[in-house]
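To keep things clear, I will list the structure first and then write my remarks on it.
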Amino acid sequence: MANGIQPQKLFVASCMALLVTSLSFGIRAGILSRLGVEFHLDTKELSIIAGTAFWGFPLAVVIGGFIVDAIGMKRLLLAAFVLHLTGIILTVFAGGFWSLFISTLFIGMANGTVEAACNPLVATIFPDNKTTKLNHFHLWFPGGIVVGTLLVFLLSKLGLSWQLQVATMIIPTLIYGYLFMQLDFPVTERVASGVSSAQMYKSVLSPLFIVMFILMFGTAITELFTGQWIEVLLKNVTENSILILALTAGTQTLGRGIAGPVVHKISPTGVLLISAILSAIGLYLLSHVSGSMVFVAAFIFGMGVTYFWPTMLGFVSENIPESGALGMNLMGGAGMFAVSVYMYFMGGFYDTIITKQLPAGASLDAYRSAAPGSPEATAFSQATAVAGPEIINATLIIPVMLIVAFAGLFFYMRNRKKAQIQIV
């Protein structure tokens with residue numbers, strides 16, 4: 001490690017930057033319904049706004065993946081700081097669909113830029129313990145969601161505005177921006193090891209990378225779509241449904257904190273297979289149970305999605321190291337892009353289900369904005385109680401397919417490892 005580089009301080013600053021990313025996720029999930037009522041937005045419009053963060057992310061993370069080796073990780077992270085600050089301020093002063101769309105795009109691009117720089121940074125400063133340290137780094141994503149959702153819950157109970165809730169993200173943003181300005185950065189691992197650009201591009205076209213790239217679609221949708229929409233999907237199935245997201249994220253935080261022993265005792269492919277199984281069980285229960293059992297289902301689902309994102313990145317970094325920062329960022333971009341597309345279609349599907357439950361010719365916006373206790377509000381509540389579990393049930397097919405895929409990957413990697421040992 002070059003003189004002046006302080007791995008632990010860089011890691012702490014990276015975690016603070018990811019905390020802002022996750023706060024934006026948790027707070028947005030908590031205020032989504034309120035935005036719909038205040039600005040008269042239907043679920044499809046809300047899904048477009050929320051989805052903007054998910055396609056702004058891959059836009060930034062892929063561009064960052066191509067340029068991070070050239071311009072350095074520090075410049076990318078300072079750009080993330082500016083984007084975050086701009087997006088948060090624009091959200092606070094938003095006045096409708098387009099202003100929310102643009103501000104969310106800025107935040108999504110900031111989130112992607114953080115990942116574009118911090119994932120290769122963590123892999124570079126901890127070259128002998130990548131998967132574990134990536135899990136430790138990524139525990140700040142669900143950790144921030146816990147903080148964000150509980151903040152929304154508390155401030156909403158106090159009657160404080162959603163604008164104030166969004167503004168709370170300015171404090172950690174200023175902190176991580178200041179920290180990164182003070183620190184020196186290493187070059188990326190690929191540059192330091194002398195791997196050529198040609199080798200890097202060749203590695204991201206390898207069959208194993210392409211398979212992982214495709215599987216990233218499913219792991220990201222399972223985790224992030226469900227998390228972002230949990231308050232909307234389950235708000236009429238259980239009271240204080242935003243606490244379901246807090247429980248799920250809290251489970252992820254604790255799980256990623258003990259990732260070292262788990263990943264070392266069970267192979268990364270074994271971890272991914274078990275994760276897919278638990279995710280499928282959790283989603284099935286979320287769509288079929290009610291009352292206190294919803295929290296049990298959320299806990300199981302939380303265990304399932306705990307290791308998906310960091311283990312997918314760690315697997316690529318360890319097994320296809322020549323792919324470098326570009327490989328990790330293409331993986332992250334693939335996941336977020338898949339979520340944005342899926343969210344768009346599911347938003348329209350959700351509205352379609354609700355419309356079918358309401359009287360013929362009913363105005364969806366009128367029913368959504370109806371006064372509490374009115375016949376329209378009651379009808380809308382009953383419709384959403386049907387629509388939410390139906391959307392979750394439709395999403396269940398994704399982790400079921402992942403079970404089959406990760407089982408195949410598990411046996412493939414085990415046989416490849418045995419073949420390598422025999423050659424040696």
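Every chain in the structure tokens takes a letter, A first, then B, and so on in the order presented; its residues are numbered from 1, and the ligands are numbered from 1 following the presented order.
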
Find the residues of segment 80-163 of chain A that sit at most 12 Å from segment 264-276 of chain A; for each, write down the nearest two atoms and how far apart they are in Å, to one decimal. Count only C-alpha atoms. Sort by chain, then by number going up, and give it as CSV.
residue,atom,partner,partner_atom,distance
A:Asn129,CA,A:His264,CA,10.3
A:Lys130,CA,A:His264,CA,11.6
A:Thr131,CA,A:Pro268,CA,8.4
A:Thr132,CA,A:His264,CA,8.6
A:Asn135,CA,A:Pro268,CA,11.5

Determine, counting only C-alpha atoms, which protein, DNA and RNA residues have an atom within 9 Å of an atom of segment 8-10 of chain A; residues of the same chain fewer than 4 positions away are not included. Present the result as a ChimeraX atom specification.
/A:14-15,121-122,125,179-180,183-185

Which residues are near Lys44 of chain A? Cut-off 8 Å, only C-alpha atoms, ignore same chain within fewer than 4 positions. Put them as a ChimeraX atom specification.
/A:48,344,347-348,350-351

Using backbone DSSP assignments, extract all helix (DSSP H, G or I) residues from segment 43-254 of chain A; output them as a VMD selection string.
chain A and resid 43 to 71 73 to 92 97 to 125 130 to 138 140 to 157 162 to 167 170 to 182 189 to 193 197 to 203 207 to 234 242 to 254

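All residues of protein, DNA or RNA that reach within 12 Å of Val12 of chain A, judged by only C-alpha atoms and not counting those fewer than 4 positions away in the chain, are A:Gln6, A:Pro7, A:Gln8, A:Met16, A:Ala17, A:Leu18, A:Leu19, A:Cys118, A:Leu121, A:Val122, A:Lys133, A:His136, A:Phe137, A:His138, A:Trp140, A:Ile175, A:Tyr176, A:Leu179, A:Phe180, A:Leu183.
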
Can those selected residues be exported to a file as a PDB file, in the first residue's frame so that it contains N, CA, C and O atoms?
ATOM      1  N   GLN A   6      -4.490   5.399   4.061  1.00  0.00           N
ATOM      2  CA  GLN A   6      -5.001   4.930   5.354  1.00  0.00           C
ATOM      3  C   GLN A   6      -6.250   4.078   5.117  1.00  0.00           C
ATOM      4  O   GLN A   6      -7.362   4.611   5.055  1.00  0.00           O
ATOM      5  N   PRO A   7      -6.062   2.765   4.961  1.00  0.00           N
ATOM      6  CA  PRO A   7      -7.192   1.879   4.606  1.00  0.00           C
ATOM      7  C   PRO A   7      -8.397   1.997   5.526  1.00  0.00           C
ATOM      8  O   PRO A   7      -9.537   2.038   5.058  1.00  0.00           O
ATOM      9  N   GLN A   8      -8.149   2.057   6.843  1.00  0.00           N
ATOM     10  CA  GLN A   8      -9.272   2.050   7.773  1.00  0.00           C
ATOM     11  C   GLN A   8     -10.096   3.333   7.667  1.00  0.00           C
ATOM     12  O   GLN A   8     -11.330   3.310   7.704  1.00  0.00           O
ATOM     13  N   MET A  16     -19.759   5.680   5.301  1.00  0.00           N
ATOM     14  CA  MET A  16     -20.603   6.863   5.489  1.00  0.00           C
ATOM     15  C   MET A  16     -21.291   7.252   4.174  1.00  0.00           C
ATOM     16  O   MET A  16     -22.466   7.615   4.156  1.00  0.00           O
ATOM     17  N   ALA A  17     -20.547   7.132   3.057  1.00  0.00           N
ATOM     18  CA  ALA A  17     -21.138   7.440   1.749  1.00  0.00           C
ATOM     19  C   ALA A  17     -22.250   6.452   1.414  1.00  0.00           C
ATOM     20  O   ALA A  17     -23.305   6.834   0.881  1.00  0.00           O
ATOM     21  N   LEU A  18     -22.036   5.175   1.723  1.00  0.00           N
ATOM     22  CA  LEU A  18     -23.071   4.170   1.463  1.00  0.00           C
ATOM     23  C   LEU A  18     -24.268   4.378   2.386  1.00  0.00           C
ATOM     24  O   LEU A  18     -25.411   4.078   2.010  1.00  0.00           O
ATOM     25  N   LEU A  19     -24.011   4.910   3.589  1.00  0.00           N
ATOM     26  CA  LEU A  19     -25.104   5.215   4.511  1.00  0.00           C
ATOM     27  C   LEU A  19     -26.073   6.222   3.890  1.00  0.00           C
ATOM     28  O   LEU A  19     -27.293   6.077   3.992  1.00  0.00           O
ATOM     29  N   CYS A 118     -16.499   3.014  -4.517  1.00  0.00           N
ATOM     30  CA  CYS A 118     -16.247   2.351  -3.232  1.00  0.00           C
ATOM     31  C   CYS A 118     -16.068   0.844  -3.344  1.00  0.00           C
ATOM     32  O   CYS A 118     -15.279   0.259  -2.588  1.00  0.00           O
ATOM     33  N   LEU A 121     -12.635   0.329  -4.397  1.00  0.00           N
ATOM     34  CA  LEU A 121     -11.772   0.841  -3.326  1.00  0.00           C
ATOM     35  C   LEU A 121     -11.628  -0.185  -2.214  1.00  0.00           C
ATOM     36  O   LEU A 121     -10.515  -0.466  -1.751  1.00  0.00           O
ATOM     37  N   VAL A 122     -12.754  -0.771  -1.779  1.00  0.00           N
ATOM     38  CA  VAL A 122     -12.714  -1.789  -0.727  1.00  0.00           C
ATOM     39  C   VAL A 122     -11.919  -3.015  -1.187  1.00  0.00           C
ATOM     40  O   VAL A 122     -11.107  -3.565  -0.431  1.00  0.00           O
ATOM     41  N   LYS A 133     -14.953  -8.263   3.480  1.00  0.00           N
ATOM     42  CA  LYS A 133     -14.949  -6.811   3.653  1.00  0.00           C
ATOM     43  C   LYS A 133     -16.034  -6.140   2.806  1.00  0.00           C
ATOM     44  O   LYS A 133     -16.592  -5.118   3.215  1.00  0.00           O
ATOM     45  N   HIS A 136     -19.009  -6.462   4.897  1.00  0.00           N
ATOM     46  CA  HIS A 136     -18.966  -5.487   5.991  1.00  0.00           C
ATOM     47  C   HIS A 136     -19.301  -4.082   5.479  1.00  0.00           C
ATOM     48  O   HIS A 136     -20.010  -3.327   6.141  1.00  0.00           O
ATOM     49  N   PHE A 137     -18.782  -3.740   4.303  1.00  0.00           N
ATOM     50  CA  PHE A 137     -19.092  -2.448   3.692  1.00  0.00           C
ATOM     51  C   PHE A 137     -20.580  -2.348   3.376  1.00  0.00           C
ATOM     52  O   PHE A 137     -21.240  -1.358   3.716  1.00  0.00           O
ATOM     53  N   HIS A 138     -21.128  -3.390   2.788  1.00  0.00           N
ATOM     54  CA  HIS A 138     -22.528  -3.351   2.352  1.00  0.00           C
ATOM     55  C   HIS A 138     -23.525  -3.538   3.488  1.00  0.00           C
ATOM     56  O   HIS A 138     -24.732  -3.401   3.263  1.00  0.00           O
ATOM     57  N   TRP A 140     -23.786  -1.435   5.625  1.00  0.00           N
ATOM     58  CA  TRP A 140     -24.249  -0.069   5.838  1.00  0.00           C
ATOM     59  C   TRP A 140     -25.431   0.278   4.946  1.00  0.00           C
ATOM     60  O   TRP A 140     -26.114   1.273   5.189  1.00  0.00           O
ATOM     61  N   ILE A 175     -20.586  15.088   5.937  1.00  0.00           N
ATOM     62  CA  ILE A 175     -19.519  14.378   6.655  1.00  0.00           C
ATOM     63  C   ILE A 175     -18.664  13.565   5.693  1.00  0.00           C
ATOM     64  O   ILE A 175     -17.428  13.645   5.710  1.00  0.00           O
ATOM     65  N   TYR A 176     -19.302  12.757   4.811  1.00  0.00           N
ATOM     66  CA  TYR A 176     -18.487  11.916   3.936  1.00  0.00           C
ATOM     67  C   TYR A 176     -17.739  12.748   2.897  1.00  0.00           C
ATOM     68  O   TYR A 176     -16.606  12.419   2.512  1.00  0.00           O
ATOM     69  N   LEU A 179     -14.647  14.036   4.687  1.00  0.00           N
ATOM     70  CA  LEU A 179     -13.667  12.964   4.927  1.00  0.00           C
ATOM     71  C   LEU A 179     -12.886  12.619   3.665  1.00  0.00           C
ATOM     72  O   LEU A 179     -11.651  12.495   3.702  1.00  0.00           O
ATOM     73  N   PHE A 180     -13.584  12.459   2.545  1.00  0.00           N
ATOM     74  CA  PHE A 180     -12.898  12.083   1.310  1.00  0.00           C
ATOM     75  C   PHE A 180     -11.972  13.193   0.803  1.00  0.00           C
ATOM     76  O   PHE A 180     -10.943  12.914   0.191  1.00  0.00           O
ATOM     77  N   LEU A 183      -8.446  12.713   2.474  1.00  0.00           N
ATOM     78  CA  LEU A 183      -7.705  11.460   2.374  1.00  0.00           C
ATOM     79  C   LEU A 183      -7.046  11.251   1.015  1.00  0.00           C
ATOM     80  O   LEU A 183      -7.553  11.718  -0.004  1.00  0.00           O
TER      81      LEU A 183
END

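Nearest-residue note for Ala405 of chain A: choosing from A:Ile391, A:Met216, A:Val305, A:Met331, the minimum distance belongs to A:Met216, counting only C-alpha atoms.
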
May I have the residues within 12 Å of Ala198 of chain A as a list in words, using only C-alpha atoms and disregarding those fewer than 5 positions away in the same chain?
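My list of contacting residues is Arg190, Ser203, Val204, Leu205, Glu322, Ser323 and Gly324 of chain A.
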